[in-house]
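This report refers to the structure that appears directly beneath it.
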Amino acid sequence: TLLPYREEIIAVTLRSEEEVATYSALEKDNNLLLLTDSTNVDNPGFSTPERLVGENLAEIVRTTKTRLIVSMFASHIVRIGKIIEAAEQCNKKVAIEGRSMKNNVDICIAAGLIKVKDGTIIPSTDIASYPPDRIIVLATGAQGDEFAALTRLANKSHKQLRLSEHDTVLLSASIVPGNEKAVQDLKDNIARHGARIIHYRTSEVYIHSTGHGNRGEIEWLHKKIKETAKKVVGVDY
């Protein structure tokens with residue numbers, strides 16, 4: 001079952017056991033300086049836990065009966081790993097499109113950060129050998145980047161793949177300020193193929209979580225670190 005937008009769900013999943021253990025150990029140290037991000041300090045409370053996003057993405061992988069194209073930041077290793085894990089649980093194959101994502105996945109597999117069974121990841125040229133509902137394409141380009149894989153799919157310039165009305169495209173990323181027009185153009189071009197689009201602003205469940213801590217998380221961090229001095233990063237002043 002997909003987990004909905006429910007504050008009580010968020011409240012019981014604020015911190016993972018790993019985070020609590022890590023920062024409880026740091027709490028005992030004499031910490032001199034904390035460098036902390038402040039991008040989302042104006043947002044009250046805690047941000048959506050990545051674990052909740054991962055559970056929802058896994059459920060979408062399980063229940064989607066079409067070819068599924070998932071686009072996110074190529075640096076989001078945890079989320080990429082979750083998609084691959086969910087694909088293996090559903091006996092689905094994963095094709096990776098986009099040089100940066102391919103490079104990152106290769107590095108993470110070599111480093112043991114992502115565990116992949118033999119045969120799970122296939123080249124795009126092999127996609128036609130499988131039923132569409134057994135294919136997941138991980139693609140770069142959720143920000144509408146001009147030469148990214150998803151953009152080339154949307155504007156019909158991709159060498160191997162074509163979108164159709166039988167596809168589902170999931171954009172697991174928020175829009176970086178300044179990219180609004182590019183992302184809207186991307187969605188328009190995808191829609192012209194008749195494909196179903198799942199976007200973080202229209203999804204009924206969480207499919208993306210910010211990488212910047214909200215005010216509650218920053219406060220929690222200060223209480224754990226108990227630093228002598230702090231340096232705020234990411235402010236204009």
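Ordered as shown in the structure tokens, chains take letters A, B, and onward, while each chain numbers its residues from 1 and ligands are numbered from 1 in the order shown.
Selecting strand (DSSP E or B) from the backbone DSSP output for stretch 94-132 of chain A yields Val94, Ala95, Ile96, Glu97 and Ile121 of chain A.
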Limited to N, CA, C and O atoms, could you put the picked residues into a file as a PDB file, in the first residue's frame?
```
ATOM      1  N   VAL A  94      16.707  -3.512 -15.280  1.00  0.00           N
ATOM      2  CA  VAL A  94      16.999  -2.083 -15.196  1.00  0.00           C
ATOM      3  C   VAL A  94      17.985  -1.696 -16.288  1.00  0.00           C
ATOM      4  O   VAL A  94      19.059  -2.290 -16.417  1.00  0.00           O
ATOM      5  N   ALA A  95      17.605  -0.689 -17.071  1.00  0.00           N
ATOM      6  CA  ALA A  95      18.517  -0.095 -18.051  1.00  0.00           C
ATOM      7  C   ALA A  95      18.857   1.305 -17.559  1.00  0.00           C
ATOM      8  O   ALA A  95      17.983   2.024 -17.070  1.00  0.00           O
ATOM      9  N   ILE A  96      20.105   1.687 -17.670  1.00  0.00           N
ATOM     10  CA  ILE A  96      20.551   2.988 -17.173  1.00  0.00           C
ATOM     11  C   ILE A  96      20.944   3.862 -18.349  1.00  0.00           C
ATOM     12  O   ILE A  96      21.792   3.495 -19.163  1.00  0.00           O
ATOM     13  N   GLU A  97      20.320   5.038 -18.427  1.00  0.00           N
ATOM     14  CA  GLU A  97      20.560   5.966 -19.523  1.00  0.00           C
ATOM     15  C   GLU A  97      21.078   7.292 -18.974  1.00  0.00           C
ATOM     16  O   GLU A  97      20.459   7.897 -18.099  1.00  0.00           O
ATOM     17  N   ILE A 121      20.948  -5.450 -14.423  1.00  0.00           N
ATOM     18  CA  ILE A 121      21.172  -4.283 -15.278  1.00  0.00           C
ATOM     19  C   ILE A 121      21.483  -4.754 -16.688  1.00  0.00           C
ATOM     20  O   ILE A 121      22.373  -5.584 -16.905  1.00  0.00           O
TER      21      ILE A 121
END
```
message = Taking 5 positions as the minimum chain separation for residues in the same chain, which residues sit within 7 Å of A:Leu150 when counting only C-alpha atoms? Answer as a PyMOL selection string.
response = chain A and resi 139-141
Distance in Å - atom CA of A:Gly119 versus atom CA of A:Leu161 =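 Rounded to one decimal, the two atoms are 20.0 Å apart.
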request  = Quick one: pull the distance between atom CA of A:Val137 and atom CA of A:Val169, Å, one decimal.
outcome  = 9.3 Å
task = Considering only C-alpha atoms, return as a ChimeraX atom specification whatever protein or nucleic-acid residues lie within 12 Å of A:Asn31, sequence-local ones (same chain, fewer than 3 positions apart) excluded.
result = /A:23,25-28,34-35,222-230
ask   = Could you work out how far atom CA of A:Arg215 lies from atom CA of A:Val41, giving the answer in Å with one decimal?
value = 4.5 Å
Shell of 6 Å around stretch 68-83 of chain A, only C-alpha atoms, local chain residues under 5 positions omitted, as a CSV table (one decimal) with N, CA, C and O atoms, in the first residue's frame:
```csv
chain,number,residue,atom,x,y,z
A,101,MET,N,24.9,9.0,-14.6
A,101,MET,CA,24.3,8.0,-13.8
A,101,MET,C,24.9,6.6,-14.0
A,101,MET,O,25.2,5.9,-13.0
A,114,ILE,N,26.2,-0.3,-3.7
A,114,ILE,CA,25.0,-0.8,-4.3
A,114,ILE,C,25.3,-2.2,-4.7
A,114,ILE,O,26.2,-2.6,-5.3
A,136,ILE,N,12.5,-1.3,-16.3
A,136,ILE,CA,12.7,0.0,-15.7
A,136,ILE,C,13.9,0.7,-16.3
A,136,ILE,O,15.0,0.2,-16.4
A,137,VAL,N,13.7,2.0,-16.7
A,137,VAL,CA,14.8,2.8,-17.3
A,137,VAL,C,15.1,3.9,-16.3
A,137,VAL,O,14.2,4.7,-15.9
A,138,LEU,N,16.3,3.9,-15.8
A,138,LEU,CA,16.8,4.9,-14.9
A,138,LEU,C,17.5,6.0,-15.8
A,138,LEU,O,18.4,5.6,-16.5
A,139,ALA,N,17.0,7.2,-15.8
A,139,ALA,CA,17.5,8.2,-16.8
A,139,ALA,C,17.8,9.5,-16.1
A,139,ALA,O,17.2,9.9,-15.2
A,140,THR,N,18.9,10.1,-16.6
A,140,THR,CA,19.2,11.5,-16.2
A,140,THR,C,18.2,12.5,-16.9
A,140,THR,O,17.6,12.1,-17.9
A,142,ALA,N,15.9,15.0,-15.1
A,142,ALA,CA,14.7,15.4,-14.5
A,142,ALA,C,14.6,17.0,-14.4
A,142,ALA,O,13.6,17.5,-14.1
A,168,THR,N,5.2,4.9,-18.4
A,168,THR,CA,5.0,5.7,-17.2
A,168,THR,C,6.3,6.4,-16.9
A,168,THR,O,7.3,5.7,-16.8
A,169,VAL,N,6.3,7.7,-16.8
A,169,VAL,CA,7.5,8.5,-16.5
A,169,VAL,C,7.4,9.1,-15.1
A,169,VAL,O,6.5,9.9,-14.8
A,170,LEU,N,8.3,8.8,-14.2
A,170,LEU,CA,8.3,9.3,-12.9
A,170,LEU,C,9.5,10.2,-12.7
A,170,LEU,O,10.6,9.9,-12.9
A,171,LEU,N,9.2,11.4,-12.3
A,171,LEU,CA,10.2,12.5,-12.0
A,171,LEU,C,10.4,12.6,-10.5
A,171,LEU,O,9.6,13.3,-9.8
A,172,SER,N,11.4,11.9,-10.0
A,172,SER,CA,11.7,11.9,-8.6
A,172,SER,C,12.7,13.0,-8.2
A,172,SER,O,13.8,12.7,-7.7
A,173,ALA,N,12.3,14.2,-8.4
A,173,ALA,CA,13.2,15.4,-8.2
A,173,ALA,C,12.3,16.6,-8.1
A,173,ALA,O,11.4,16.8,-8.9
```
ask   = From the set A:Glu88, A:Asp118, A:Asp42, A:Asp167, which residue has the shortest atom-to-atom contact distance to A:Lys65, counting only C-alpha atoms?
value = A:Asp167
query = Which residues, written as a VMD selection string, have at least one atom at most 9 Å from A:Gly45, with only C-alpha atoms counted and residues fewer than 6 positions away on the same chain left out?
reply = chain A and resid 214 to 217
File of the preceding selection, N, CA, C and O atoms, as a PDB file, in the first residue's frame:
```pdb
ATOM      1  N   ASN A 214      15.132  20.804   7.109  1.00  0.00           N
ATOM      2  CA  ASN A 214      14.234  21.862   7.555  1.00  0.00           C
ATOM      3  C   ASN A 214      14.666  22.381   8.928  1.00  0.00           C
ATOM      4  O   ASN A 214      15.620  21.881   9.527  1.00  0.00           O
ATOM      5  N   ARG A 215      13.940  23.365   9.422  1.00  0.00           N
ATOM      6  CA  ARG A 215      14.325  24.002  10.680  1.00  0.00           C
ATOM      7  C   ARG A 215      14.413  22.997  11.831  1.00  0.00           C
ATOM      8  O   ARG A 215      15.337  23.050  12.651  1.00  0.00           O
ATOM      9  N   GLY A 216      13.464  22.075  11.894  1.00  0.00           N
ATOM     10  CA  GLY A 216      13.471  21.095  12.975  1.00  0.00           C
ATOM     11  C   GLY A 216      14.711  20.223  12.951  1.00  0.00           C
ATOM     12  O   GLY A 216      15.272  19.886  14.006  1.00  0.00           O
ATOM     13  N   GLU A 217      15.159  19.859  11.775  1.00  0.00           N
ATOM     14  CA  GLU A 217      16.361  19.023  11.667  1.00  0.00           C
ATOM     15  C   GLU A 217      17.613  19.791  12.060  1.00  0.00           C
ATOM     16  O   GLU A 217      18.525  19.240  12.703  1.00  0.00           O
TER      17      GLU A 217
END
```
message = Applying 10 Å and only C-alpha atoms, which residues near A:Gly211 remain after dropping the ones on its own chain fewer than 6 positions away? List them as a PyMOL selection string.
response = chain A and resi 37+39-40+47-50+76
ask   = Which residue, A:Lys181, A:Ala148, A:Pro123, A:Ser129, has the smallest gap to A:Gln160 when you use only C-alpha atoms?
value =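 Smallest distance to A:Gln160 is found for A:Pro123.
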inquiry  = Restricting the calculation to only C-alpha atoms: of A:Ile84, A:Ala110, A:Glu18, A:Gln89, which residue gets closest to A:Ile122?
reply    =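 The closest residue to A:Ile122 is A:Ile84.
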request  = Could you pull out the residues in stretch 10-232 of chain A that DSSP calls helix (DSSP H, G or I) from the backbone, as an MDAnalysis selection string?
outcome  = chainID A and resid 10:11 17:26 50:63 77:89 99:111 124:129 132:134 149:154 180:192 215:225
Written file, previous selection with C-alpha atoms, as a compact mmCIF listing (two decimals), in the first residue's frame:
```txt
# COMPACT_ATOMS: atom_id res chain seq x y z
CA ILE A 10 6.38 11.67 9.29
CA ALA A 11 6.46 12.18 13.06
CA GLU A 17 18.44 4.33 14.01
CA GLU A 18 21.72 4.87 12.16
CA GLU A 19 21.42 8.67 12.42
CA VAL A 20 20.56 8.51 16.12
CA ALA A 21 23.54 6.25 16.81
CA THR A 22 25.94 8.46 14.80
CA TYR A 23 24.94 11.74 16.40
CA SER A 24 24.63 10.26 19.89
CA ALA A 25 28.31 9.36 19.61
CA LEU A 26 29.21 12.86 18.37
CA GLU A 50 14.13 9.29 2.53
CA ARG A 51 13.03 5.92 3.89
CA LEU A 52 9.40 6.86 3.25
CA VAL A 53 10.23 7.95 -0.30
CA GLY A 54 12.03 4.65 -0.89
CA GLU A 55 9.04 2.63 0.28
CA ASN A 56 6.71 4.54 -2.03
CA LEU A 57 9.04 4.18 -5.01
CA ALA A 58 9.33 0.45 -4.35
CA GLU A 59 5.53 0.18 -4.34
CA ILE A 60 5.30 2.10 -7.61
CA VAL A 61 7.87 -0.28 -9.14
CA ARG A 62 5.80 -3.23 -7.93
CA THR A 63 2.39 -1.98 -9.10
CA ILE A 77 22.83 6.96 -4.89
CA VAL A 78 20.53 5.82 -2.08
CA ARG A 79 17.42 6.32 -4.20
CA ILE A 80 18.98 4.72 -7.27
CA GLY A 81 19.93 1.72 -5.15
CA LYS A 82 16.36 1.49 -3.84
CA ILE A 83 14.94 1.38 -7.37
CA ILE A 84 17.37 -1.37 -8.36
CA GLU A 85 16.56 -3.34 -5.21
CA ALA A 86 12.82 -3.02 -5.84
CA ALA A 87 13.30 -4.10 -9.46
CA GLU A 88 15.09 -7.27 -8.36
CA GLN A 89 12.32 -8.08 -5.89
CA ARG A 99 26.61 9.00 -18.69
CA SER A 100 26.73 10.50 -15.19
CA MET A 101 24.26 7.98 -13.81
CA LYS A 102 26.05 5.07 -15.48
CA ASN A 103 29.38 6.23 -14.08
CA ASN A 104 27.97 6.73 -10.58
CA VAL A 105 26.29 3.34 -10.52
CA ASP A 106 29.46 1.60 -11.77
CA ILE A 107 31.53 3.31 -9.07
CA CYS A 108 29.03 2.43 -6.34
CA ILE A 109 28.85 -1.20 -7.43
CA ALA A 110 32.65 -1.41 -7.41
CA ALA A 111 32.76 0.19 -3.95
CA SER A 124 19.20 -0.44 -23.68
CA THR A 125 19.68 -2.51 -26.81
CA ASP A 126 18.25 -5.53 -24.92
CA ILE A 127 15.05 -3.82 -23.75
CA ALA A 128 13.02 -5.16 -26.68
CA SER A 129 13.79 -8.71 -25.52
CA PRO A 132 7.46 -3.71 -21.22
CA ASP A 133 6.15 -4.26 -17.69
CA ARG A 134 9.45 -5.91 -16.75
CA ALA A 149 18.72 11.06 -21.56
CA LEU A 150 15.13 11.90 -20.62
CA THR A 151 15.16 15.07 -22.72
CA ARG A 152 16.34 13.08 -25.73
CA LEU A 153 13.59 10.54 -25.10
CA ALA A 154 11.03 13.32 -24.90
CA GLU A 180 11.02 25.87 -14.24
CA LYS A 181 10.69 26.53 -17.97
CA ALA A 182 12.99 23.65 -18.95
CA VAL A 183 11.09 21.19 -16.74
CA GLN A 184 7.72 22.34 -18.03
CA ASP A 185 8.94 21.93 -21.61
CA LEU A 186 10.16 18.45 -20.69
CA LYS A 187 6.78 17.46 -19.24
CA ASP A 188 4.96 18.90 -22.25
CA ASN A 189 7.10 16.86 -24.64
CA ILE A 190 6.57 13.70 -22.59
CA ALA A 191 2.82 14.33 -22.55
CA ARG A 192 2.78 14.65 -26.34
CA ARG A 215 14.32 24.00 10.68
CA GLY A 216 13.47 21.09 12.97
CA GLU A 217 16.36 19.02 11.67
CA ILE A 218 18.83 21.90 12.05
CA GLU A 219 17.65 22.46 15.62
CA TRP A 220 17.98 18.73 16.34
CA LEU A 221 21.50 18.80 14.90
CA HIS A 222 22.55 21.74 17.10
CA LYS A 223 21.26 19.97 20.21
CA LYS A 224 23.25 16.86 19.34
CA ILE A 225 26.51 18.51 18.29
```
Using only C-alpha atoms: which of A:His212, A:His166, A:His193, A:His158 has the shortest distance to A:Thr66 =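 Residue with the minimum atom-to-atom distance to A:Thr66: A:His166.
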